[in-house]
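Raw model-v9.cif, mmCIF, C-alpha atoms:
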data_run
loop_
_atom_site.label_atom_id
_atom_site.label_comp_id
_atom_site.auth_asym_id
_atom_site.auth_seq_id
_atom_site.Cartn_x
_atom_site.Cartn_y
_atom_site.Cartn_z
CA MET A 220 57.07 234.57 -113.33
CA GLY A 221 57.04 231.16 -111.72
CA SER A 222 55.72 227.98 -113.23
CA PRO A 223 51.92 227.59 -113.50
CA THR A 224 50.08 226.21 -110.47
CA GLY A 225 48.49 222.77 -110.58
CA GLY A 226 45.05 224.24 -111.26
CA VAL A 227 46.33 226.32 -114.15
CA ARG A 228 48.13 223.31 -115.63
CA VAL A 229 44.90 221.29 -115.53
CA ILE A 230 43.10 224.09 -117.38
CA GLU A 231 45.90 224.25 -119.95
CA LYS A 232 45.69 220.49 -120.51
CA ALA A 233 41.91 220.63 -120.85
CA GLY A 234 42.21 223.52 -123.29
CA ALA A 235 44.76 221.69 -125.43
CA LEU A 236 42.57 218.60 -125.48
CA MET A 237 39.44 220.52 -126.53
CA GLU A 238 41.43 222.41 -129.16
CA ALA A 239 42.55 219.09 -130.64
CA LEU A 240 38.96 217.83 -130.72
CA ALA A 241 37.73 221.09 -132.24
CA TYR A 242 40.29 221.20 -135.03
CA ARG A 243 40.72 217.48 -135.75
CA GLY A 244 37.21 216.19 -135.04
CA PRO A 245 36.44 213.02 -133.02
CA GLN A 246 39.62 211.44 -131.62
CA THR A 247 40.73 208.39 -129.68
CA VAL A 248 42.75 208.64 -126.49
CA VAL A 249 45.86 207.58 -128.41
CA GLU A 250 45.30 210.30 -131.01
CA LEU A 251 44.67 212.92 -128.32
CA ALA A 252 47.87 211.91 -126.53
CA GLU A 253 49.84 212.35 -129.76
CA ALA A 254 48.17 215.69 -130.52
CA THR A 255 48.70 217.20 -127.06
CA GLY A 256 51.93 215.52 -125.98
CA GLU A 257 50.28 214.37 -122.74
CA PRO A 258 50.43 210.77 -121.41
CA ARG A 259 47.34 208.62 -121.91
CA THR A 260 46.68 208.47 -118.16
CA THR A 261 46.38 212.27 -118.14
CA ILE A 262 44.09 212.23 -121.19
CA TYR A 263 41.78 209.69 -119.53
CA ARG A 264 41.64 211.77 -116.34
CA VAL A 265 40.93 215.07 -118.12
CA LEU A 266 38.36 213.42 -120.42
CA ALA A 267 36.49 212.03 -117.41
CA THR A 268 36.20 215.51 -115.89
CA LEU A 269 35.16 217.12 -119.17
CA GLN A 270 32.53 214.42 -119.75
CA GLU A 271 31.00 215.13 -116.33
CA MET A 272 30.74 218.80 -117.32
CA GLY A 273 29.17 217.95 -120.67
CA TRP A 274 32.02 219.59 -122.57
CA VAL A 275 33.18 216.32 -124.14
CA GLU A 276 31.20 213.20 -124.99
CA GLU A 277 31.93 209.72 -126.31
CA THR A 278 30.64 209.24 -129.85
CA THR A 279 28.50 206.37 -131.08
CA LYS A 280 31.76 204.80 -132.23
CA ARG A 281 33.06 203.59 -128.88
CA GLY A 282 36.49 204.87 -127.89
CA ARG A 283 36.25 208.14 -129.82
CA TYR A 284 35.52 211.49 -128.21
CA ALA A 285 34.05 214.75 -129.52
CA LEU A 286 33.07 218.16 -128.18
CA GLY A 287 29.86 217.96 -126.14
CA LEU A 288 26.55 219.74 -126.50
CA THR A 289 27.11 221.92 -123.41
CA LEU A 290 30.31 223.38 -124.86
CA MET A 291 28.58 224.02 -128.18
CA GLN A 292 25.79 225.87 -126.42
CA LEU A 293 28.33 227.97 -124.53
CA GLY A 294 30.12 228.75 -127.77
CA ARG A 295 26.95 229.95 -129.43
CA ALA A 296 26.05 232.01 -126.38
CA ALA A 297 29.44 233.71 -126.47
CA VAL A 298 28.74 235.31 -129.83
CA GLU A 299 25.25 236.53 -129.05
CA HIS A 300 26.54 239.73 -127.47
CA GLY A 301 26.87 241.05 -131.01
CA ILE A 302 25.06 238.59 -133.27
CA GLU A 303 21.81 236.85 -132.40
CA HIS A 304 22.17 233.21 -133.35
CA ARG A 305 18.46 232.82 -134.05
CA LEU A 306 18.76 235.55 -136.70
CA ALA A 307 22.07 234.44 -138.17
CA ALA A 308 21.26 230.72 -138.40
CA PRO A 309 18.65 230.95 -141.21
CA VAL A 310 21.02 233.09 -143.30
CA LEU A 311 23.86 230.62 -142.80
CA ARG A 312 21.60 227.69 -143.74
CA ALA A 313 20.45 229.55 -146.85
CA LEU A 314 24.09 230.18 -147.78
CA ARG A 315 24.82 226.48 -147.46
CA THR A 316 21.78 225.61 -149.60
CA GLU A 317 22.70 228.14 -152.29
CA THR A 318 26.37 227.15 -152.56
CA GLY A 319 26.33 223.54 -151.40
CA LEU A 320 29.53 224.31 -149.49
CA THR A 321 30.42 224.14 -145.79
CA VAL A 322 29.58 227.39 -143.99
CA TYR A 323 31.40 228.89 -141.00
CA LEU A 324 30.80 231.77 -138.61
CA HIS A 325 33.98 233.12 -136.96
CA VAL A 326 34.44 235.55 -134.07
CA LEU A 327 37.58 237.18 -132.71
CA ARG A 328 39.04 235.97 -129.42
CA GLY A 329 42.44 237.40 -128.60
CA LEU A 330 44.63 236.84 -131.65
CA ARG A 331 42.62 233.90 -132.94
CA ALA A 332 39.47 233.31 -134.98
CA VAL A 333 37.04 230.97 -133.21
CA CYS A 334 34.44 228.94 -135.12
CA VAL A 335 31.08 229.44 -133.39
CA GLU A 336 28.97 227.85 -136.12
CA ARG A 337 29.61 225.25 -138.80
CA ILE A 338 27.05 223.88 -141.27
CA ASP A 339 28.39 221.05 -143.40
CA GLY A 340 28.03 221.20 -147.16
CA ARG A 341 27.12 218.45 -149.58
CA GLU A 342 30.65 217.04 -149.21
CA LEU A 343 31.49 216.53 -145.54
CA LEU A 344 34.85 218.12 -144.70
CA SER A 345 36.03 215.65 -142.06
CA PHE A 346 39.23 217.63 -141.64
CA GLY A 347 39.80 221.34 -141.23
CA LEU A 348 38.27 223.73 -138.73
CA GLN A 349 35.60 222.19 -136.50
CA PHE A 350 32.96 223.86 -134.35
CA GLY A 351 34.64 225.44 -131.32
CA GLY A 352 38.06 225.32 -132.94
CA SER A 353 40.25 228.32 -133.61
CA LEU A 354 42.91 229.51 -136.01
CA PRO A 355 45.57 232.23 -135.92
CA LEU A 356 44.50 235.35 -137.79
CA HIS A 357 46.89 234.96 -140.74
CA ALA A 358 45.65 231.52 -141.79
CA GLY A 359 42.32 231.01 -143.56
CA ALA A 360 39.76 233.25 -145.22
CA GLY A 361 37.55 233.89 -142.20
CA ALA A 362 40.53 234.51 -139.93
CA ARG A 363 42.15 236.97 -142.37
CA VAL A 364 38.89 238.89 -142.63
CA LEU A 365 38.99 239.45 -138.87
CA LEU A 366 42.64 240.52 -139.08
CA ALA A 367 41.98 242.88 -141.99
CA PHE A 368 38.89 244.55 -140.52
CA GLY A 369 39.41 244.11 -136.78
CA GLY A 370 40.84 247.59 -136.27
CA GLU A 371 44.29 249.13 -136.10
CA ALA A 372 44.92 248.20 -132.45
CA LEU A 373 44.30 244.52 -133.19
CA TYR A 374 46.44 244.68 -136.31
CA GLN A 375 49.39 246.20 -134.45
CA ARG A 376 49.10 243.61 -131.67
CA TRP A 377 49.20 240.88 -134.28
CA ARG A 378 52.24 242.44 -136.00
CA GLU A 379 54.13 242.56 -132.71
CA HIS A 380 53.22 238.94 -132.05
CA VAL A 381 54.66 237.87 -135.42
CA LYS A 382 57.77 240.00 -134.90
CA GLU A 383 58.35 238.25 -131.58
CA ARG A 384 58.40 235.00 -133.54
CA GLY A 385 61.22 236.33 -135.71
CA GLY A 386 58.95 237.78 -138.39
CA GLU A 387 57.35 234.47 -139.36
CA ALA A 388 53.89 233.23 -138.40
CA GLU A 389 52.84 229.67 -137.61
CA ALA A 390 52.60 227.30 -140.58
CA PHE A 391 50.10 224.44 -141.00
CA THR A 392 50.91 223.44 -144.58
CA GLN A 393 53.41 224.46 -147.24
CA ARG A 394 50.75 226.89 -148.51
CA THR A 395 50.36 228.79 -145.22
CA PRO A 396 51.61 232.39 -145.60
CA ARG A 397 54.33 232.94 -142.99
CA ARG A 398 56.46 235.98 -143.76
CA LEU A 399 55.13 239.23 -142.31
CA ALA A 400 55.47 241.06 -145.63
CA ASP A 401 53.53 238.35 -147.48
CA ILE A 402 50.69 238.37 -144.94
CA GLU A 403 50.49 242.16 -144.99
CA ALA A 404 50.15 242.05 -148.77
CA LEU A 405 47.26 239.60 -148.39
CA VAL A 406 45.63 241.86 -145.78
CA ARG A 407 45.82 244.84 -148.15
CA LYS A 408 44.16 242.72 -150.84
CA VAL A 409 41.36 241.69 -148.45
CA ARG A 410 40.72 245.32 -147.55
CA ALA A 411 40.67 246.37 -151.18
CA ASN A 412 38.33 243.56 -152.27
CA GLY A 413 36.11 243.42 -149.20
CA PHE A 414 36.54 239.64 -148.92
CA ALA A 415 39.30 237.06 -148.43
CA VAL A 416 40.27 233.95 -150.37
CA SER A 417 42.51 231.19 -149.02
CA SER A 418 43.65 227.89 -150.44
CA GLU A 419 45.09 225.06 -148.37
CA ASP A 420 46.33 227.49 -145.69
CA ASN A 421 45.26 225.16 -142.90
CA THR A 422 44.34 221.86 -144.52
CA ILE A 423 45.43 220.33 -147.81
CA GLY A 424 42.47 220.05 -150.19
CA ILE A 425 40.38 222.84 -148.63
CA ALA A 426 39.98 226.43 -149.87
CA ALA A 427 37.67 229.17 -148.58
CA ILE A 428 36.11 232.58 -149.17
CA GLY A 429 35.25 234.88 -146.25
CA ALA A 430 33.54 238.25 -145.72
CA PRO A 431 33.05 240.60 -142.74
CA ILE A 432 29.87 241.14 -140.74
CA TRP A 433 29.59 244.84 -139.90
CA ALA A 434 27.97 246.48 -136.88
CA ALA A 435 26.06 249.76 -137.14
CA ASP A 436 29.05 251.66 -135.73
CA GLY A 437 31.43 250.24 -138.35
CA ARG A 438 32.98 247.53 -136.18
CA CYS A 439 33.62 244.11 -137.67
CA LEU A 440 31.48 241.82 -135.49
CA ALA A 441 32.44 238.52 -137.06
CA ALA A 442 33.20 236.80 -140.37
CA VAL A 443 31.29 234.38 -142.58
CA SER A 444 33.13 231.94 -144.80
CA ILE A 445 32.42 229.01 -147.10
CA ALA A 446 34.83 226.16 -147.73
CA GLY A 447 35.23 223.52 -150.41
CA SER A 448 37.81 222.10 -152.77
CA PRO A 449 40.38 224.47 -154.34
CA GLU A 450 39.03 223.52 -157.77
CA GLU A 451 35.59 224.85 -156.81
CA ILE A 452 36.60 227.90 -154.76
CA LEU A 453 39.36 229.10 -157.11
CA ASN A 454 37.40 228.54 -160.33
CA ARG A 455 37.69 231.80 -162.32
CA ASP A 456 34.07 231.78 -163.37
CA ARG A 457 32.57 230.74 -160.05
CA GLN A 458 34.76 232.58 -157.54
CA PRO A 459 33.26 236.06 -158.17
CA VAL A 460 29.77 234.60 -157.78
CA LEU A 461 30.69 232.81 -154.56
CA ALA A 462 32.37 235.92 -153.17
CA GLU A 463 29.26 238.01 -153.82
CA VAL A 464 26.99 235.39 -152.24
CA VAL A 465 29.16 235.31 -149.09
CA ARG A 466 29.29 239.11 -148.89
CA ARG A 467 25.51 239.29 -149.26
CA ALA A 468 25.00 236.74 -146.47
CA ALA A 469 27.39 238.64 -144.20
CA GLN A 470 25.54 241.87 -144.89
CA GLN A 471 22.18 240.23 -144.13
CA ILE A 472 23.44 238.97 -140.76
CA GLY A 473 24.87 242.38 -139.93
CA ASP A 474 21.64 244.14 -140.88
CA LEU A 475 19.57 241.71 -138.83
CA SER A 476 21.83 241.87 -135.80
CA THR A 477 22.57 245.60 -135.86
CA PRO A 478 20.29 247.52 -138.25
CA ARG A 479 21.98 249.98 -140.61
CA ALA A 480 25.26 248.06 -140.31
CA GLY A 481 28.25 250.17 -141.22
CA ARG A 482 30.71 249.52 -143.97
CA ALA A 483 33.77 251.33 -142.63
CA ARG A 484 37.14 249.76 -143.29
CA SER A 485 40.26 249.79 -141.21
CA GLN A 486 43.34 251.64 -142.43
CA GLU A 487 45.75 249.68 -144.60
CA PRO A 488 48.88 248.33 -142.95
CA SER A 489 51.95 250.48 -143.26
#

Render the structure in this file as structure tokens.
Amino acid sequence: MGSPTGGVRVIEKAGALMEALAYRGPQTVVELAEATGEPRTTIYRVLATLQEMGWVEETTKRGRYALGLTLMQLGRAAVEHGIEHRLAAPVLRALRTETGLTVYLHVLRGLRAVCVERIDGRELLSFGLQFGGSLPLHAGAGARVLLAFGGEALYQRWREHVKERGGEAEAFTQRTPRRLADIEALVRKVRANGFAVSSEDNTIGIAAIGAPIWAADGRCLAAVSIAGSPEEILNRDRQPVLAEVVRRAAQQIGDLSTPRAGRARSQEPS
């Protein structure tokens, strides 16, 4: 195939810029240029277009940019084909109140987990996954839930993707699982337990617990996760309690969105 056309390149640049804002939070033009590898003149030009569309906006701290309200509304609308936001939101807020931790709602898009809702906990996590951001399916509790319960076809596509990379997945920190065999072992554990636990997979100092949201026909619609410090999430006494609270919230959202939500599990990886 030939090189991308000018229009496609613009879309790619805009996508990379929004991904940087989603994952890293508000950024300056200099920071966005470093994150995307694009010259500052290009960043200014793309930002101007995205601001006109309402997808990006300048924060109250002049010179810093963040995802705009229009993009957030589009992101929430994208998940409502399976989960009604008006029904899920009260459950997510209750989960935040009960645990005091940051709450996320993830949906599957391609081979990535996209954050379509984030409710900050008592300690603001300025780093880590932001609203509208995405992560590969091997990294993070919510993402691994989608990988574990997303069905055999998805799982095989993901395996082939990792094999094409030489059998190692993308790493964000020294704690990110990379080897195919190691990730498969984690997936088997998620399927056996019914929830996922991660620690510093994506961001140093952040751990998480995630659980699947089931549809009535047994499909995994999405994943709910909570995030906090490793000391809090990995605490032997508290982790089982947190895991049960997350699973209960996920079940409530599934029951509200698709009554009589199923509990079927995908087959374990070979």

Legend entry - Computed interatomic separation between CA of Ala427 (chain A) and CA of Leu453 (chain A) (Å): 8.7 Å

Inset, instruction - Write out as a VMD selection string which residues come within 12 Å of Leu314 (chain A) when counting only C-alpha atoms, dropping same-chain ones fewer than 2 positions away. - result: chain A and resid 307 to 312 316 to 324 337 to 340 443 to 446 461 to 469 471 to 472

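CA of His357 (chain A) lies 24.9 Å from CA of Gly256 (chain A).
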
Inset, instruction - Check what the PyMOL selection byres ((chain A and resi 277) around 10) selects in the file above and give those residues as a ChimeraX atom specification. - result: /A:245-247,266,270,275-276,278-287

Quick check on the file I pasted: which residues fall under the PyMOL selection byres ((chain A and resi 233) around 10)? Write them as a tab-separated table (two decimals) with C-alpha atoms, in the coordinates of the input.
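Below you can see expr10.tsv, which holds the result:
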chain	number	residue	atom	x	y	z
A	227	VAL	CA	46.33	226.32	-114.15
A	228	ARG	CA	48.13	223.31	-115.63
A	229	VAL	CA	44.90	221.29	-115.53
A	230	ILE	CA	43.10	224.09	-117.38
A	231	GLU	CA	45.90	224.25	-119.95
A	232	LYS	CA	45.69	220.49	-120.51
A	234	GLY	CA	42.21	223.52	-123.29
A	235	ALA	CA	44.76	221.69	-125.43
A	236	LEU	CA	42.57	218.60	-125.48
A	237	MET	CA	39.44	220.52	-126.53
A	238	GLU	CA	41.43	222.41	-129.16
A	239	ALA	CA	42.55	219.09	-130.64
A	255	THR	CA	48.70	217.20	-127.06
A	261	THR	CA	46.38	212.27	-118.14
A	262	ILE	CA	44.09	212.23	-121.19
A	264	ARG	CA	41.64	211.77	-116.34
A	265	VAL	CA	40.93	215.07	-118.12
A	266	LEU	CA	38.36	213.42	-120.42
A	268	THR	CA	36.20	215.51	-115.89
A	269	LEU	CA	35.16	217.12	-119.17

Inset, instruction - Show which residues sit within 10 Å of Gly359 (chain A), as a ChimeraX atom specification. Count only C-alpha atoms, and ignore same-chain residues fewer than 4 positions away. - result: /A:332,348,354-355,363-364,395-396,415-422,425-429,444,446

Inset, instruction - Could you check which of A:Gln393, A:Thr260, A:Gln375, A:Ser353 is closest to Arg331 (chain A), using all atoms listed in the file? - result: A:Ser353
